[in-house]
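Undergrad: My questions all concern the structure below.
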2 protein chains.
Amino acid sequence: MRAGRRRGRAPLPGGRHRYGAPVSDPARRPHELEAIELLSSLVGPPAGDEVWIGDDCAVLGPASARVLFATDLAAENVHFDRCHGTLADAGWRVLVQNLSDIAAMGGRPRAAVVAVAGADLDELAAIYEGLLEASRRFDCPVVGGDLSDSAVLNIAVAILGETAGSAPVLRRGAGPGETIYVTGPLGGAAAGLRELRADPSTVSPCVTAFLRPQPRLAEGAAAAAAGAAAMIDISDGLGIDLWRLAAASRVGVELDDLPVAAGATPDEALGGGEDYELVFTVADPGRLEQVFTARGLRAPVRLGRTTADRAAFHLRGEDLEVAGFEHRLG
Amino acid sequence: MRAGRRRGRAPLPGGRHRYGAPVSDPARRPHELEAIELLSSLVGPPAGDEVWIGDDCAVLGPASARVLFATDLAAENVHFDRCHGTLADAGWRVLVQNLSDIAAMGGRPRAAVVAVAGADLDELAAIYEGLLEASRRFDCPVVGGDLSDSAVLNIAVAILGETAGSAPVLRRGAGPGETIYVTGPLGGAAAGLRELRADPSTVSPCVTAFLRPQPRLAEGAAAAAAGAAAMIDISDGLGIDLWRLAAASRVGVELDDLPVAAGATPDEALGGGEDYELVFTVADPGRLEQVFTARGLRAPVRLGRTTADRAAFHLRGEDLEVAGFEHRLG
């Protein structure tokens, strides 16, 4: 079960955007978390050692043959609109959102199915243009789907993945005293949306980061192989996604650094979302950096460390905002 | 890739409902088939002997460990509305649509993920009430999902299944001279919607058939075990779904019988859709009926037989309408 996405950090109409809620105030928790807690309690506990609601993917099957299963949707005028990017960009991004869920478990994609409501034939062809570009690039065939009328365009993708030689890395596995890494600088996607809003014809690295994000599949697999204890992808913003990892793992967080993408602001790096970088923790940072180097991957950035004090959620000693996007459903 | 669904047979606004197109007139083929052909050609041929777009489920993996994967969505005011049935009914039905796709391959369900756009917390709880009732009844846990704002309520479910000791039964496997069966009388769901439209407080077997359809999982597995050559579920109407099976198998169809549910009209039985009965063909009807009897299942109804003449599509010697619902996307 995943939280929804937004682009950038601007409040949605009607005060629907909530951020800046301190982690210690449950009354201000995003509504979506309540919804996920409700659904979790309705569904009940998972069978055996499977993982159901509450991580980037569900983890099914015996340890010898783990299957990863997730879904992520894109709704028009919530996740994308036609003023900022094409329907091909929307198709690319919705598949990448799903690929990123697989990456965040350290897995590799197997196949996707796509349900599209509200697209005519031309729109469908445009959506599939971007979707299949990502499908081919990241070796994840689109093997089925469903089509329907609808008053609003909605694209729901479900993805199936498998583990790549390591156990799936959950959100809840971090212990105190581990090093926290992120796979790249943050805020580029939010900055790209800001640039497009100012001038829809902008071409820039941030606009590319926004319209054509990259799933960090190789990095996720490398982190899993190097013994990452916990991992999550940054779809809703570092502040909220790192808080989710810390809350699931029952650890605190002390950050020394916040890597900001060129062209982005620190605020965008913290709460922007849609960067699809991965955050993870490891007990052995030397081994982690070796594995990334050996695989020819960009070195991940050390953000700080986990602590035993679960109430700690700090950036350079100051309270860190639980910043990012949650849909307000209630 | 599945065609969309509707309830009942009344035309949608704006002439979007197409039926009665003779099989021999490609210009009048439903638009959705064009869309599926387009997407099929964009995606390209499947890997190895896998089955991708064009059947009730995709079939992935080696013959020794087949995985079934499908998705089916429900859009408000297309698949359900709030005047005829509750959101719990809509939740039940969208999971059953997916379970029926697994049944139509002769498989058993493994797990589902659910993406809901546009529901508030109360609506979400109502949708999940029915969804989880079906989940428990048919042993298919809901293991994950996604939540989002949206201007219109959309529920997309994806389902994962496995084969139950037999190879998956495809649409394209029928040969000439086989017996065609259906698992039960048809038209009940369409009649139920008609009754609800006349009086929303109606309680009747047809209303139950419409609001709470049953996936024919046991029947699908029995048909597969008894050597069914081809199978499809009747989600859009016998006329169109049987035509899909015949077209995929390159056979003709001569029907002697059309079993009409009590309370339904022959027209509803032929084109109503949403009955979720299974149609299949077998070379050895005696064995088939034995297996159903041995498993304590209701005897399937013999509809007729397949023929080598691909142009034949007849009911009691008369041209059979390719009747049922296709979304008009163009």
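Every chain in the structure tokens has a letter given in the order shown (A, B, ...), and although residue numbers restart at 1 in each chain, ligands are simply numbered from 1 in the order shown.
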What are the residues of chain A lining chain B at 7 Å or less? Count only C-alpha atoms, and put the answer as a PyMOL selection string.

TA: chain A and resi 1-4+35+43+52-53+58+70-73+75+78+113+115+119-121+142-152+156+158+327+329-330

Undergrad: Can I get the selection written as a PDB file, in the first residue's frame, with C-alpha atoms?

TA:
ATOM      1  CA  MET A   1       0.000   0.000   0.000  1.00  0.00           C
ATOM      2  CA  ARG A   2       1.569   3.243  -1.144  1.00  0.00           C
ATOM      3  CA  ALA A   3       0.864   6.845  -0.476  1.00  0.00           C
ATOM      4  CA  GLY A   4      -0.194   8.962  -3.440  1.00  0.00           C
ATOM      5  CA  ALA A  35      -6.394   5.145   5.550  1.00  0.00           C
ATOM      6  CA  VAL A  43      -7.061  -6.973   5.744  1.00  0.00           C
ATOM      7  CA  TRP A  52       1.454  -7.370   2.652  1.00  0.00           C
ATOM      8  CA  ILE A  53       0.309  -3.772   3.112  1.00  0.00           C
ATOM      9  CA  ALA A  58       4.090  -6.979  -1.117  1.00  0.00           C
ATOM     10  CA  ALA A  70       2.747  -3.713  -6.170  1.00  0.00           C
ATOM     11  CA  THR A  71       0.471  -1.170  -7.822  1.00  0.00           C
ATOM     12  CA  ASP A  72       0.719   2.561  -8.390  1.00  0.00           C
ATOM     13  CA  LEU A  73      -1.765   4.755 -10.219  1.00  0.00           C
ATOM     14  CA  ALA A  75      -4.781  10.323 -11.978  1.00  0.00           C
ATOM     15  CA  VAL A  78      -3.427  14.995  -9.539  1.00  0.00           C
ATOM     16  CA  VAL A 113      -0.258  -4.850 -16.416  1.00  0.00           C
ATOM     17  CA  ALA A 115      -5.522  -0.419 -16.661  1.00  0.00           C
ATOM     18  CA  ALA A 119      -8.451   7.630 -22.820  1.00  0.00           C
ATOM     19  CA  ASP A 120      -9.452   7.702 -26.474  1.00  0.00           C
ATOM     20  CA  LEU A 121      -7.443   5.805 -29.080  1.00  0.00           C
ATOM     21  CA  VAL A 142       3.582  -4.914 -20.442  1.00  0.00           C
ATOM     22  CA  VAL A 143       1.748  -8.246 -20.605  1.00  0.00           C
ATOM     23  CA  GLY A 144      -1.886  -7.261 -20.198  1.00  0.00           C
ATOM     24  CA  GLY A 145      -4.350  -4.641 -19.209  1.00  0.00           C
ATOM     25  CA  ASP A 146      -7.861  -3.324 -19.170  1.00  0.00           C
ATOM     26  CA  LEU A 147      -9.546  -0.423 -20.962  1.00  0.00           C
ATOM     27  CA  SER A 148     -12.598   1.542 -19.936  1.00  0.00           C
ATOM     28  CA  ASP A 149     -14.543   4.707 -20.412  1.00  0.00           C
ATOM     29  CA  SER A 150     -14.292   7.214 -17.580  1.00  0.00           C
ATOM     30  CA  ALA A 151     -15.002  10.894 -17.079  1.00  0.00           C
ATOM     31  CA  VAL A 152     -11.387  11.387 -15.931  1.00  0.00           C
ATOM     32  CA  ALA A 156      -3.240   2.172 -12.924  1.00  0.00           C
ATOM     33  CA  ALA A 158       0.511  -3.217 -11.328  1.00  0.00           C
ATOM     34  CA  HIS A 327      -3.394  12.770  -0.293  1.00  0.00           C
ATOM     35  CA  LEU A 329      -8.835  11.427   1.562  1.00  0.00           C
ATOM     36  CA  GLY A 330     -11.143  12.236   4.459  1.00  0.00           C
TER      37      GLY A 330
END

Undergrad: What does the C-alpha RMSD come to when chain B is least-squares superposed onto chain A, all C-alpha atoms paired in sequence order?

TA: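 Fitting chain B to chain A over paired C-alpha atoms yields 0.0 Å.
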
Undergrad: As a PyMOL selection string, please: the residues near Ala262 in chain B (cut-off 10 Å, only C-alpha atoms, same-chain neighbours under 4 positions excluded).

TA: chain B and resi 185-188+191+205-206

Undergrad: Residues within 10 Å of Ala221 in chain B, please, as a PyMOL selection string. Count only C-alpha atoms; anything in the same chain fewer than 3 positions from it doesn't count.

TA: chain B and resi 102-108+163-166+168-169+216-218+224-226+228+292

Undergrad: Output C-alpha atoms for every residue in the selection just made, as a short mmCIF file (atom, residue, chain, number, x, y, z; two decimals), in the first residue's frame.

TA:
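The new file result_31.cif reads:
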data_model
loop_
_atom_site.label_atom_id
_atom_site.label_comp_id
_atom_site.auth_asym_id
_atom_site.auth_seq_id
_atom_site.Cartn_x
_atom_site.Cartn_y
_atom_site.Cartn_z
CA ILE B 102 -8.20 -16.46 -13.17
CA ALA B 103 -11.14 -18.90 -13.33
CA ALA B 104 -11.25 -18.56 -17.12
CA MET B 105 -7.68 -19.93 -17.33
CA GLY B 106 -8.50 -22.84 -15.00
CA GLY B 107 -6.24 -21.31 -12.35
CA ARG B 108 -6.53 -20.45 -8.68
CA THR B 163 -2.31 -23.05 -12.29
CA ALA B 164 -3.94 -25.83 -10.33
CA GLY B 165 -2.26 -28.91 -11.81
CA SER B 166 -3.37 -28.34 -15.41
CA PRO B 168 -3.75 -22.73 -18.43
CA VAL B 169 -6.69 -22.91 -20.82
CA ARG B 216 -16.56 -19.87 -11.32
CA LEU B 217 -13.19 -20.92 -9.91
CA ALA B 218 -14.12 -24.53 -9.13
CA ALA B 224 -9.10 -27.51 -17.19
CA ALA B 225 -8.66 -30.87 -15.45
CA ALA B 226 -11.13 -32.45 -17.88
CA ALA B 228 -11.00 -28.12 -21.93
CA PHE B 292 -18.06 -32.02 -12.91
#

Undergrad: Report as a count of residues only all protein, DNA and RNA residues lying within 8 Å of range 283-285 of chain A, evaluated on only C-alpha atoms, omitting residues in the same chain fewer than 4 positions from it.

TA: 7

Undergrad: Give me every helix (DSSP H, G or I) residue in range 2-201 of chain A, going by DSSP on the backbone, as a JSON list (two decimals) with N, CA and C atoms, in the first residue's frame.

TA:
[["chain", "number", "residue", "atom", "x", "y", "z"],
["A", 13, "PRO", "N", -5.44, 22.69, -4.25],
["A", 13, "PRO", "CA", -6.57, 23.55, -3.91],
["A", 13, "PRO", "C", -7.30, 23.04, -2.66],
["A", 14, "GLY", "N", -7.90, 23.94, -1.95],
["A", 14, "GLY", "CA", -8.73, 23.54, -0.82],
["A", 14, "GLY", "C", -7.94, 23.05, 0.38],
["A", 15, "GLY", "N", -6.69, 23.46, 0.49],
["A", 15, "GLY", "CA", -5.91, 23.09, 1.65],
["A", 15, "GLY", "C", -5.66, 21.60, 1.73],
["A", 26, "PRO", "N", 0.50, 12.98, 16.46],
["A", 26, "PRO", "CA", -0.29, 12.04, 15.67],
["A", 26, "PRO", "C", -1.54, 12.68, 15.08],
["A", 27, "ALA", "N", -2.09, 13.71, 15.76],
["A", 27, "ALA", "CA", -3.31, 14.34, 15.25],
["A", 27, "ALA", "C", -3.07, 14.99, 13.90],
["A", 28, "ARG", "N", -1.82, 15.31, 13.61],
["A", 28, "ARG", "CA", -1.53, 15.97, 12.34],
["A", 28, "ARG", "C", -0.94, 15.02, 11.31],
["A", 31, "HIS", "N", -3.71, 12.14, 6.44],
["A", 31, "HIS", "CA", -4.89, 11.29, 6.41],
["A", 31, "HIS", "C", -4.64, 9.96, 5.72],
["A", 32, "GLU", "N", -3.74, 10.00, 4.74],
["A", 32, "GLU", "CA", -3.49, 8.78, 4.00],
["A", 32, "GLU", "C", -2.93, 7.68, 4.89],
["A", 33, "LEU", "N", -2.12, 8.07, 5.85],
["A", 33, "LEU", "CA", -1.59, 7.06, 6.76],
["A", 33, "LEU", "C", -2.72, 6.43, 7.56],
["A", 34, "GLU", "N", -3.69, 7.24, 7.94],
["A", 34, "GLU", "CA", -4.86, 6.68, 8.64],
["A", 34, "GLU", "C", -5.57, 5.67, 7.74],
["A", 35, "ALA", "N", -5.71, 6.04, 6.48],
["A", 35, "ALA", "CA", -6.39, 5.15, 5.55],
["A", 35, "ALA", "C", -5.63, 3.84, 5.43],
["A", 36, "ILE", "N", -4.31, 3.93, 5.34],
["A", 36, "ILE", "CA", -3.51, 2.71, 5.19],
["A", 36, "ILE", "C", -3.59, 1.88, 6.46],
["A", 37, "GLU", "N", -3.59, 2.55, 7.62],
["A", 37, "GLU", "CA", -3.75, 1.80, 8.88],
["A", 37, "GLU", "C", -5.11, 1.11, 8.93],
["A", 38, "LEU", "N", -6.15, 1.84, 8.49],
["A", 38, "LEU", "CA", -7.49, 1.25, 8.46],
["A", 38, "LEU", "C", -7.51, 0.00, 7.57],
["A", 39, "LEU", "N", -6.96, 0.14, 6.36],
["A", 39, "LEU", "CA", -7.00, -0.98, 5.41],
["A", 39, "LEU", "C", -6.16, -2.15, 5.93],
["A", 40, "SER", "N", -5.02, -1.83, 6.51],
["A", 40, "SER", "CA", -4.17, -2.86, 7.12],
["A", 40, "SER", "C", -4.95, -3.65, 8.17],
["A", 41, "SER", "N", -5.69, -2.94, 9.01],
["A", 41, "SER", "CA", -6.42, -3.63, 10.08],
["A", 41, "SER", "C", -7.58, -4.43, 9.49],
["A", 42, "LEU", "N", -8.21, -3.92, 8.43],
["A", 42, "LEU", "CA", -9.29, -4.67, 7.79],
["A", 42, "LEU", "C", -8.77, -5.94, 7.13],
["A", 43, "VAL", "N", -7.63, -5.82, 6.47],
["A", 43, "VAL", "CA", -7.06, -6.97, 5.74],
["A", 43, "VAL", "C", -6.56, -8.02, 6.73],
["A", 63, "ALA", "N", 10.77, -18.22, 1.03],
["A", 63, "ALA", "CA", 12.03, -17.47, 0.98],
["A", 63, "ALA", "C", 12.85, -17.84, -0.26],
["A", 64, "SER", "N", 12.70, -19.07, -0.74],
["A", 64, "SER", "CA", 13.49, -19.52, -1.89],
["A", 64, "SER", "C", 12.98, -18.95, -3.21],
["A", 65, "ALA", "N", 11.77, -18.43, -3.21],
["A", 65, "ALA", "CA", 11.20, -17.93, -4.47],
["A", 65, "ALA", "C", 10.27, -16.76, -4.17],
["A", 87, "LEU", "N", 1.27, 13.12, -22.65],
["A", 87, "LEU", "CA", 0.74, 11.85, -22.14],
["A", 87, "LEU", "C", 1.81, 10.76, -22.21],
["A", 88, "ALA", "N", 2.74, 10.88, -23.15],
["A", 88, "ALA", "CA", 3.86, 9.92, -23.18],
["A", 88, "ALA", "C", 4.69, 10.05, -21.91],
["A", 89, "ASP", "N", 4.91, 11.29, -21.46],
["A", 89, "ASP", "CA", 5.63, 11.48, -20.20],
["A", 89, "ASP", "C", 4.86, 10.85, -19.04],
["A", 90, "ALA", "N", 3.53, 11.02, -19.04],
["A", 90, "ALA", "CA", 2.71, 10.44, -17.97],
["A", 90, "ALA", "C", 2.81, 8.92, -17.99],
["A", 91, "GLY", "N", 2.82, 8.34, -19.20],
["A", 91, "GLY", "CA", 2.96, 6.88, -19.33],
["A", 91, "GLY", "C", 4.31, 6.41, -18.83],
["A", 92, "TRP", "N", 5.37, 7.14, -19.22],
["A", 92, "TRP", "CA", 6.72, 6.81, -18.71],
["A", 92, "TRP", "C", 6.71, 6.84, -17.19],
["A", 93, "ARG", "N", 6.17, 7.92, -16.64],
["A", 93, "ARG", "CA", 6.32, 8.10, -15.19],
["A", 93, "ARG", "C", 5.53, 7.06, -14.39],
["A", 94, "VAL", "N", 4.34, 6.70, -14.86],
["A", 94, "VAL", "CA", 3.56, 5.76, -14.05],
["A", 94, "VAL", "C", 4.24, 4.38, -14.03],
["A", 95, "LEU", "N", 4.89, 4.01, -15.13],
["A", 95, "LEU", "CA", 5.62, 2.73, -15.08],
["A", 95, "LEU", "C", 6.86, 2.87, -14.19],
["A", 96, "VAL", "N", 7.53, 4.02, -14.28],
["A", 96, "VAL", "CA", 8.72, 4.23, -13.44],
["A", 96, "VAL", "C", 8.35, 4.23, -11.95],
["A", 97, "GLN", "N", 7.20, 4.80, -11.61],
["A", 97, "GLN", "CA", 6.75, 4.74, -10.20],
["A", 97, "GLN", "C", 6.70, 3.29, -9.72],
["A", 98, "ASN", "N", 6.18, 2.43, -10.57],
["A", 98, "ASN", "CA", 6.07, 1.01, -10.22],
["A", 98, "ASN", "C", 7.44, 0.33, -10.20],
["A", 99, "LEU", "N", 8.27, 0.65, -11.19],
["A", 99, "LEU", "CA", 9.63, 0.08, -11.22],
["A", 99, "LEU", "C", 10.40, 0.50, -9.97],
["A", 100, "SER", "N", 10.16, 1.74, -9.53],
["A", 100, "SER", "CA", 10.85, 2.24, -8.36],
["A", 100, "SER", "C", 10.44, 1.47, -7.10],
["A", 101, "ASP", "N", 9.19, 1.01, -7.06],
["A", 101, "ASP", "CA", 8.76, 0.16, -5.93],
["A", 101, "ASP", "C", 9.54, -1.15, -5.90],
["A", 102, "ILE", "N", 9.79, -1.71, -7.07],
["A", 102, "ILE", "CA", 10.60, -2.94, -7.16],
["A", 102, "ILE", "C", 12.04, -2.63, -6.76],
["A", 103, "ALA", "N", 12.56, -1.49, -7.26],
["A", 103, "ALA", "CA", 13.94, -1.09, -6.93],
["A", 103, "ALA", "C", 14.12, -0.95, -5.42],
["A", 121, "LEU", "N", -8.46, 6.62, -28.42],
["A", 121, "LEU", "CA", -7.44, 5.81, -29.08],
["A", 121, "LEU", "C", -6.12, 6.56, -29.23],
["A", 122, "ASP", "N", -6.20, 7.84, -29.57],
["A", 122, "ASP", "CA", -4.98, 8.63, -29.74],
["A", 122, "ASP", "C", -4.27, 8.83, -28.40],
["A", 123, "GLU", "N", -5.06, 9.10, -27.37],
["A", 123, "GLU", "CA", -4.47, 9.29, -26.05],
["A", 123, "GLU", "C", -3.82, 8.00, -25.55],
["A", 124, "LEU", "N", -4.48, 6.90, -25.85],
["A", 124, "LEU", "CA", -3.96, 5.60, -25.46],
["A", 124, "LEU", "C", -2.61, 5.34, -26.15],
["A", 125, "ALA", "N", -2.54, 5.66, -27.43],
["A", 125, "ALA", "CA", -1.29, 5.46, -28.17],
["A", 125, "ALA", "C", -0.19, 6.34, -27.58],
["A", 126, "ALA", "N", -0.55, 7.57, -27.19],
["A", 126, "ALA", "CA", 0.45, 8.48, -26.60],
["A", 126, "ALA", "C", 0.94, 7.96, -25.25],
["A", 127, "ILE", "N", 0.00, 7.53, -24.41],
["A", 127, "ILE", "CA", 0.38, 6.99, -23.09],
["A", 127, "ILE", "C", 1.31, 5.79, -23.27],
["A", 128, "TYR", "N", 0.93, 4.89, -24.20],
["A", 128, "TYR", "CA", 1.73, 3.68, -24.41],
["A", 128, "TYR", "C", 3.10, 3.99, -25.02],
["A", 129, "GLU", "N", 3.20, 5.09, -25.75],
["A", 129, "GLU", "CA", 4.51, 5.44, -26.32],
["A", 129, "GLU", "C", 5.54, 5.58, -25.20],
["A", 130, "GLY", "N", 5.18, 6.37, -24.18],
["A", 130, "GLY", "CA", 6.12, 6.57, -23.08],
["A", 130, "GLY", "C", 6.23, 5.34, -22.19],
["A", 131, "LEU", "N", 5.10, 4.71, -21.99],
["A", 131, "LEU", "CA", 5.07, 3.53, -21.13],
["A", 131, "LEU", "C", 5.96, 2.42, -21.69],
["A", 132, "LEU", "N", 5.86, 2.21, -23.02],
["A", 132, "LEU", "CA", 6.65, 1.13, -23.62],
["A", 132, "LEU", "C", 8.11, 1.52, -23.77],
["A", 133, "GLU", "N", 8.38, 2.83, -23.84],
["A", 133, "GLU", "CA", 9.78, 3.26, -23.85],
["A", 133, "GLU", "C", 10.43, 2.84, -22.51],
["A", 134, "ALA", "N", 9.74, 3.11, -21.42],
["A", 134, "ALA", "CA", 10.26, 2.69, -20.11],
["A", 134, "ALA", "C", 10.28, 1.17, -19.98],
["A", 135, "SER", "N", 9.24, 0.53, -20.52],
["A", 135, "SER", "CA", 9.15, -0.93, -20.47],
["A", 135, "SER", "C", 10.37, -1.59, -21.10],
["A", 136, "ARG", "N", 10.77, -1.05, -22.26],
["A", 136, "ARG", "CA", 11.93, -1.63, -22.98],
["A", 136, "ARG", "C", 13.23, -1.26, -22.28],
["A", 137, "ARG", "N", 13.32, -0.01, -21.87],
["A", 137, "ARG", "CA", 14.56, 0.45, -21.24],
["A", 137, "ARG", "C", 14.87, -0.36, -19.98],
["A", 171, "ARG", "N", 11.13, -1.81, 4.64],
["A", 171, "ARG", "CA", 11.27, -0.53, 5.32],
["A", 171, "ARG", "C", 11.61, -0.71, 6.80],
["A", 172, "ARG", "N", 11.22, -1.82, 7.34],
["A", 172, "ARG", "CA", 11.26, -1.98, 8.78],
["A", 172, "ARG", "C", 12.54, -2.59, 9.32],
["A", 173, "GLY", "N", 13.55, -2.79, 8.48],
["A", 173, "GLY", "CA", 14.72, -3.56, 8.90],
["A", 173, "GLY", "C", 15.85, -2.76, 9.54],
["A", 188, "GLY", "N", 15.18, 17.71, -7.75],
["A", 188, "GLY", "CA", 15.20, 18.02, -9.17],
["A", 188, "GLY", "C", 13.81, 17.99, -9.80],
["A", 189, "ALA", "N", 13.02, 16.99, -9.45],
["A", 189, "ALA", "CA", 11.69, 16.87, -10.06],
["A", 189, "ALA", "C", 10.81, 18.06, -9.66],
["A", 190, "ALA", "N", 10.84, 18.43, -8.38],
["A", 190, "ALA", "CA", 10.03, 19.57, -7.92],
["A", 190, "ALA", "C", 10.49, 20.86, -8.60],
["A", 191, "ALA", "N", 11.80, 21.01, -8.74],
["A", 191, "ALA", "CA", 12.31, 22.20, -9.43],
["A", 191, "ALA", "C", 11.88, 22.20, -10.89],
["A", 192, "GLY", "N", 11.88, 21.03, -11.50],
["A", 192, "GLY", "CA", 11.45, 20.93, -12.90],
["A", 192, "GLY", "C", 10.00, 21.35, -13.07],
["A", 193, "LEU", "N", 9.13, 20.92, -12.16],
["A", 193, "LEU", "CA", 7.73, 21.33, -12.23],
["A", 193, "LEU", "C", 7.61, 22.85, -12.04],
["A", 194, "ARG", "N", 8.39, 23.41, -11.10],
["A", 194, "ARG", "CA", 8.38, 24.86, -10.90],
["A", 194, "ARG", "C", 8.79, 25.58, -12.18],
["A", 195, "GLU", "N", 9.82, 25.07, -12.83],
["A", 195, "GLU", "CA", 10.27, 25.69, -14.09],
["A", 195, "GLU", "C", 9.19, 25.60, -15.17],
["A", 196, "LEU", "N", 8.53, 24.44, -15.25],
["A", 196, "LEU", "CA", 7.48, 24.28, -16.27],
["A", 196, "LEU", "C", 6.29, 25.19, -16.00],
["A", 197, "ARG", "N", 5.99, 25.38, -14.72],
["A", 197, "ARG", "CA", 4.86, 26.26, -14.38],
["A", 197, "ARG", "C", 5.17, 27.70, -14.77],
["A", 198, "ALA", "N", 6.43, 28.09, -14.63],
["A", 198, "ALA", "CA", 6.81, 29.45, -15.01],
["A", 198, "ALA", "C", 6.84, 29.59, -16.53]]

Undergrad: Based on the backbone DSSP call, show me all residues of range 181-302 of chain B assigned strand (DSSP E or B), as a PyMOL selection string.

TA: chain B and resi 181-182+186+230-233+252-255+260+278-282+301-302

Undergrad: Expressed in Å to a single decimal, how great is the separation between CA of Gly161 in chain A and CA of Gly220 in chain A?

TA: 12.9 Å

Undergrad: Take CA of Leu288 in chain B and CA of Gly271 in chain B and report the distance between them in Å, one decimal.

TA: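 Going from CA of Leu288 in chain B over to CA of Gly271 in chain B, I get 26.3 Å.
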
Undergrad: Could you check which of A:Leu68, A:Arg82, A:Asp139, A:Leu238 is closest to Glu268 in chain A, using only C-alpha atoms?

TA: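 Selected residue with least distance to Glu268 in chain A: A:Leu238.
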